[in-house]
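Inspection log for the structure reproduced underneath, given as structure tokens.
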Amino acid sequence: ASVLLGALLSAALTACADKAHAPAAAVPRAAPAAPGATSAGDPIVPGGGNGGYDVQHYDLDLRITPRGRPSLAGTTTITATATQALSRFDLDLTGLDVSKVTVGGAPATYTRAPGKLVVTPPKPISKGRFTVGVTYSGTPVAVTDRALGKYGWIPTDDGIFVGDEPDGAHTWFPGNDHPQDKATFGFRVTVPSGLTAVANGELTGTTRSGKSATYTWQARDPMATYLATVDVGRFKTRTGRTPGGVPVFVAVDREADPTGLDSLYDDTVKVTDAWAKLFGPYPFSSTGAVVQDAPVQFALETQTRPEYVPGMAAIPTVVAHELSHQWFGDSVTVTRWSDIWLNEGFATYAEWMWGERDGSGQTVQQQFDGRYSQRQSTDLWNVPPADPGRAGLFGRSVYDRGAMTLHALRKKVGDQRFFAILRAWTTEHRHGNATTAQFIALAQRVSGMDLRRLFQVWLYDRGRPVNW
Ligand code: ARG
Ligand code: ZN
């Protein structure tokens, strides 16, 4: 009975707190301030992300000194919306020395916890907009993960390469390091003369003073933290506009790949416009690429400016893959990492389509058939693409079986409905977050068909799918 009474009481209190039900003259009583959640609760990145606020904008003002072990020093200023009254909140941050934290311009107290900077403002933050500034310095340490390899802040011969997926961003700037919390970004990066800093979005200023140069970049569309990058090196660059009207910025490391610039520029232009025709309008204010000879095993779809190592930049289907992510992953972003097939399955499918239209590869059907005939392929059939776990995040099932799922869907609903589904997906979730359940619901709505078994056997069941 006391449980029931408690429930009734709290329902009554909630009703009173609800403005619509309160008498007009009553002064609304704010909920007491409490600490924000200390994690986004995503098991693939344990402890990653935070609650109690929603970041609107990051402003990174960093001096980067790439010689030896590349270090940084500067201030990241975050504009956020408190979604509750906050007595305290966490930012993700690993390593680095913090020398000052301000909230609303006033000094705040702070402590460090594993992967976190815990901030206590001088007085509680009420719901709504606030700013936090973090001044820090040090040498970021790349993440080395048994399953995911090395990622994050990666030194090169003359600079740095930054590729953070899934959770390397908080090794070089403080923030809410989970894809659920997208925000716009500004970068003001000072580097020694002779080096260039390339980031996301558009270059809005270059100033030189004595021994250094400062590059300002603005990424005006919402972006997940893992897609933010700063690449420092000696670059050969080319700018322009695609025939479809999208501004282009391509930077290629001089030492690593001086001859690849024009062909990468051409591939980037061709793919950007082709995917815009197929997937819907290009979602961002510019496209491009950056190539660095970095010791990493991946290319990355860093927003507006995918990153490649020279060998990968030379492969058109890799360019097709990374640029398709601008729609699938960057504009429509996962809500939790277990939905990663919404990125990699779609980008792999795009890669297959580019191979088919290029005439250089197999047809999409051959790509599907070749994999389907591998009866015993354990990675493919034992890992469900929509629940791959951290170890399987960038594994064959997510990429290949994810793409096969889309091909199975296409064969079932027909080309016209299939591409209508893809366009509805990029339109309805543009610049947002989405889940696998939302994709399934959308596919059923747009096609008017019952697709539950198809998605069940392809995305969730163990074993090679039959009869869908
Ligand atoms: N998203 C990248 C791609 O386009 C892969 C990133 C891999 N990340 C990593 N830490 N290994 O395929
Ligand atoms: Zn990918």
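Labeling convention for the structure tokens: chains A, B, ... as they appear, residues from 1 per chain, ligands from 1 in order of appearance.
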
Using only C-alpha atoms and all ligand atoms, I'd like a table of the residues in chain A that come within 8 Å of ligand 2; for each, show the closest atom pair and its distance in Å rounded to one decimal, ordered by chain and ascending number, as a tab-separated table.
```
residue	atom	partner	partner_atom_place_in_ligand_line	distance
A:Ala299	CA	ligand 2	1 (Zn)	7.7
A:Leu300	CA	ligand 2	1 (Zn)	6.8
A:Glu301	CA	ligand 2	1 (Zn)	6.9
A:His321	CA	ligand 2	1 (Zn)	6.2
A:Glu322	CA	ligand 2	1 (Zn)	6.0
A:His325	CA	ligand 2	1 (Zn)	6.6
A:Asn343	CA	ligand 2	1 (Zn)	6.4
A:Glu344	CA	ligand 2	1 (Zn)	4.6
A:Gly345	CA	ligand 2	1 (Zn)	8.0
A:Ala347	CA	ligand 2	1 (Zn)	5.6
A:Thr348	CA	ligand 2	1 (Zn)	6.9
A:Tyr399	CA	ligand 2	1 (Zn)	7.7
```

* Selection near A:Ala219, 6 Å with only C-alpha atoms, sequence-local residues under 4 positions removed, as JSON, numbers by chain -> {"A": [184, 185, 200, 201]}

* So which one's closest to ligand 1, A:Arg396, A:His57, A:Lys211, A:Arg88? Using only C-alpha atoms and all ligand atoms, please. ->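 The shortest atom-to-atom distance to ligand 1 comes from A:Arg396.
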
* Asked: With only C-alpha atoms and all ligand atoms as the basis for distance, which of A:Thr144, A:Asn467, A:Ser397, A:Thr204 is at the shortest distance from ligand 1?
  ->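 Going through A:Thr144, A:Asn467, A:Ser397, A:Thr204 one by one, the smallest distance to ligand 1 is for A:Thr144.
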
Please provide the set of residues having any atom within 10 Å of stretch 269-275 of chain A, restricted to only C-alpha atoms, with same-chain residues fewer than 2 positions apart removed, written as a PDB file with N, CA and C atoms, in the first residue's frame.
```pdb
ATOM      1  N   GLY A 240      37.847  23.788 -54.998  1.00  0.00           N
ATOM      2  CA  GLY A 240      36.972  24.009 -56.145  1.00  0.00           C
ATOM      3  C   GLY A 240      35.540  23.755 -55.757  1.00  0.00           C
ATOM      4  N   ARG A 241      34.757  23.358 -56.740  1.00  0.00           N
ATOM      5  CA  ARG A 241      33.331  23.138 -56.522  1.00  0.00           C
ATOM      6  C   ARG A 241      32.902  21.991 -57.434  1.00  0.00           C
ATOM      7  N   THR A 242      32.053  21.119 -56.962  1.00  0.00           N
ATOM      8  CA  THR A 242      31.585  20.035 -57.833  1.00  0.00           C
ATOM      9  C   THR A 242      30.593  20.619 -58.844  1.00  0.00           C
ATOM     10  N   PRO A 243      30.382  19.939 -59.990  1.00  0.00           N
ATOM     11  CA  PRO A 243      29.352  20.422 -60.921  1.00  0.00           C
ATOM     12  C   PRO A 243      28.002  20.581 -60.217  1.00  0.00           C
ATOM     13  N   GLY A 244      27.745  19.768 -59.198  1.00  0.00           N
ATOM     14  CA  GLY A 244      26.491  19.873 -58.450  1.00  0.00           C
ATOM     15  C   GLY A 244      26.488  21.016 -57.439  1.00  0.00           C
ATOM     16  N   GLY A 245      27.619  21.727 -57.303  1.00  0.00           N
ATOM     17  CA  GLY A 245      27.643  22.944 -56.495  1.00  0.00           C
ATOM     18  C   GLY A 245      28.180  22.796 -55.079  1.00  0.00           C
ATOM     19  N   VAL A 246      28.828  21.673 -54.758  1.00  0.00           N
ATOM     20  CA  VAL A 246      29.361  21.490 -53.401  1.00  0.00           C
ATOM     21  C   VAL A 246      30.832  21.935 -53.366  1.00  0.00           C
ATOM     22  N   PRO A 247      31.193  22.867 -52.461  1.00  0.00           N
ATOM     23  CA  PRO A 247      32.600  23.283 -52.335  1.00  0.00           C
ATOM     24  C   PRO A 247      33.501  22.099 -51.941  1.00  0.00           C
ATOM     25  N   VAL A 248      34.719  22.058 -52.499  1.00  0.00           N
ATOM     26  CA  VAL A 248      35.642  20.939 -52.292  1.00  0.00           C
ATOM     27  C   VAL A 248      36.960  21.440 -51.701  1.00  0.00           C
ATOM     28  N   SER A 263      43.883  13.026 -58.936  1.00  0.00           N
ATOM     29  CA  SER A 263      42.945  11.907 -59.107  1.00  0.00           C
ATOM     30  C   SER A 263      42.022  11.779 -57.893  1.00  0.00           C
ATOM     31  N   LEU A 264      42.541  12.056 -56.692  1.00  0.00           N
ATOM     32  CA  LEU A 264      41.668  12.018 -55.512  1.00  0.00           C
ATOM     33  C   LEU A 264      40.629  13.130 -55.574  1.00  0.00           C
ATOM     34  N   TYR A 265      41.064  14.309 -56.043  1.00  0.00           N
ATOM     35  CA  TYR A 265      40.130  15.426 -56.210  1.00  0.00           C
ATOM     36  C   TYR A 265      39.003  15.012 -57.168  1.00  0.00           C
ATOM     37  N   ASP A 266      39.379  14.432 -58.317  1.00  0.00           N
ATOM     38  CA  ASP A 266      38.377  14.029 -59.311  1.00  0.00           C
ATOM     39  C   ASP A 266      37.430  12.961 -58.761  1.00  0.00           C
ATOM     40  N   ASP A 267      37.980  11.972 -58.077  1.00  0.00           N
ATOM     41  CA  ASP A 267      37.128  10.924 -57.507  1.00  0.00           C
ATOM     42  C   ASP A 267      36.167  11.512 -56.470  1.00  0.00           C
ATOM     43  N   LYS A 277      22.796  12.382 -56.076  1.00  0.00           N
ATOM     44  CA  LYS A 277      21.674  11.988 -56.958  1.00  0.00           C
ATOM     45  C   LYS A 277      20.933  10.789 -56.388  1.00  0.00           C
ATOM     46  N   LEU A 278      21.693   9.852 -55.803  1.00  0.00           N
ATOM     47  CA  LEU A 278      21.095   8.599 -55.353  1.00  0.00           C
ATOM     48  C   LEU A 278      20.517   8.674 -53.934  1.00  0.00           C
ATOM     49  N   PHE A 279      21.241   9.342 -53.033  1.00  0.00           N
ATOM     50  CA  PHE A 279      20.874   9.320 -51.605  1.00  0.00           C
ATOM     51  C   PHE A 279      20.144  10.578 -51.142  1.00  0.00           C
ATOM     52  N   GLY A 280      20.064  11.598 -52.006  1.00  0.00           N
ATOM     53  CA  GLY A 280      19.465  12.866 -51.597  1.00  0.00           C
ATOM     54  C   GLY A 280      20.551  13.920 -51.482  1.00  0.00           C
ATOM     55  N   PRO A 281      20.152  15.200 -51.376  1.00  0.00           N
ATOM     56  CA  PRO A 281      21.118  16.307 -51.387  1.00  0.00           C
ATOM     57  C   PRO A 281      22.290  16.074 -50.432  1.00  0.00           C
ATOM     58  N   TYR A 282      23.511  16.464 -50.859  1.00  0.00           N
ATOM     59  CA  TYR A 282      24.683  16.358 -49.994  1.00  0.00           C
ATOM     60  C   TYR A 282      24.381  17.083 -48.683  1.00  0.00           C
ATOM     61  N   SER A 286      30.489  21.434 -47.296  1.00  0.00           N
ATOM     62  CA  SER A 286      31.616  21.165 -48.194  1.00  0.00           C
ATOM     63  C   SER A 286      31.968  19.682 -48.164  1.00  0.00           C
ATOM     64  N   THR A 287      32.771  19.273 -49.160  1.00  0.00           N
ATOM     65  CA  THR A 287      33.234  17.894 -49.240  1.00  0.00           C
ATOM     66  C   THR A 287      34.760  17.947 -49.381  1.00  0.00           C
ATOM     67  N   GLY A 288      35.397  16.791 -49.472  1.00  0.00           N
ATOM     68  CA  GLY A 288      36.848  16.831 -49.644  1.00  0.00           C
ATOM     69  C   GLY A 288      37.529  15.582 -49.156  1.00  0.00           C
ATOM     70  N   PRO A 316      39.176   4.013 -55.758  1.00  0.00           N
ATOM     71  CA  PRO A 316      37.897   4.730 -55.880  1.00  0.00           C
ATOM     72  C   PRO A 316      36.771   4.152 -55.017  1.00  0.00           C
ATOM     73  N   THR A 317      36.735   2.831 -54.837  1.00  0.00           N
ATOM     74  CA  THR A 317      35.641   2.283 -54.016  1.00  0.00           C
ATOM     75  C   THR A 317      35.802   2.656 -52.537  1.00  0.00           C
ATOM     76  N   VAL A 319      36.987   5.637 -51.608  1.00  0.00           N
ATOM     77  CA  VAL A 319      36.454   7.008 -51.623  1.00  0.00           C
ATOM     78  C   VAL A 319      34.921   6.954 -51.627  1.00  0.00           C
ATOM     79  N   ALA A 320      34.370   6.053 -52.441  1.00  0.00           N
ATOM     80  CA  ALA A 320      32.908   5.890 -52.497  1.00  0.00           C
ATOM     81  C   ALA A 320      32.357   5.486 -51.132  1.00  0.00           C
ATOM     82  N   HIS A 321      33.090   4.614 -50.426  1.00  0.00           N
ATOM     83  CA  HIS A 321      32.688   4.168 -49.092  1.00  0.00           C
ATOM     84  C   HIS A 321      32.674   5.353 -48.119  1.00  0.00           C
ATOM     85  N   GLU A 322      33.793   6.058 -48.018  1.00  0.00           N
ATOM     86  CA  GLU A 322      33.885   7.137 -47.023  1.00  0.00           C
ATOM     87  C   GLU A 322      32.905   8.262 -47.320  1.00  0.00           C
ATOM     88  N   LEU A 323      32.711   8.585 -48.601  1.00  0.00           N
ATOM     89  CA  LEU A 323      31.783   9.675 -48.908  1.00  0.00           C
ATOM     90  C   LEU A 323      30.329   9.260 -48.694  1.00  0.00           C
ATOM     91  N   SER A 324      30.008   7.984 -48.864  1.00  0.00           N
ATOM     92  CA  SER A 324      28.630   7.552 -48.572  1.00  0.00           C
ATOM     93  C   SER A 324      28.324   7.717 -47.084  1.00  0.00           C
ATOM     94  N   GLN A 326      28.975  10.201 -45.394  1.00  0.00           N
ATOM     95  CA  GLN A 326      28.521  11.566 -45.102  1.00  0.00           C
ATOM     96  C   GLN A 326      27.005  11.562 -44.895  1.00  0.00           C
ATOM     97  N   TRP A 327      26.303  10.692 -45.643  1.00  0.00           N
ATOM     98  CA  TRP A 327      24.857  10.506 -45.434  1.00  0.00           C
ATOM     99  C   TRP A 327      24.608   9.502 -44.303  1.00  0.00           C
ATOM    100  N   ALA A 350      27.337   0.868 -50.637  1.00  0.00           N
ATOM    101  CA  ALA A 350      27.695   1.955 -51.559  1.00  0.00           C
ATOM    102  C   ALA A 350      28.983   1.594 -52.324  1.00  0.00           C
ATOM    103  N   TRP A 354      29.443   1.301 -56.295  1.00  0.00           N
ATOM    104  CA  TRP A 354      30.448   2.051 -57.068  1.00  0.00           C
ATOM    105  C   TRP A 354      31.266   1.088 -57.927  1.00  0.00           C
TER     106      TRP A 354
END
```
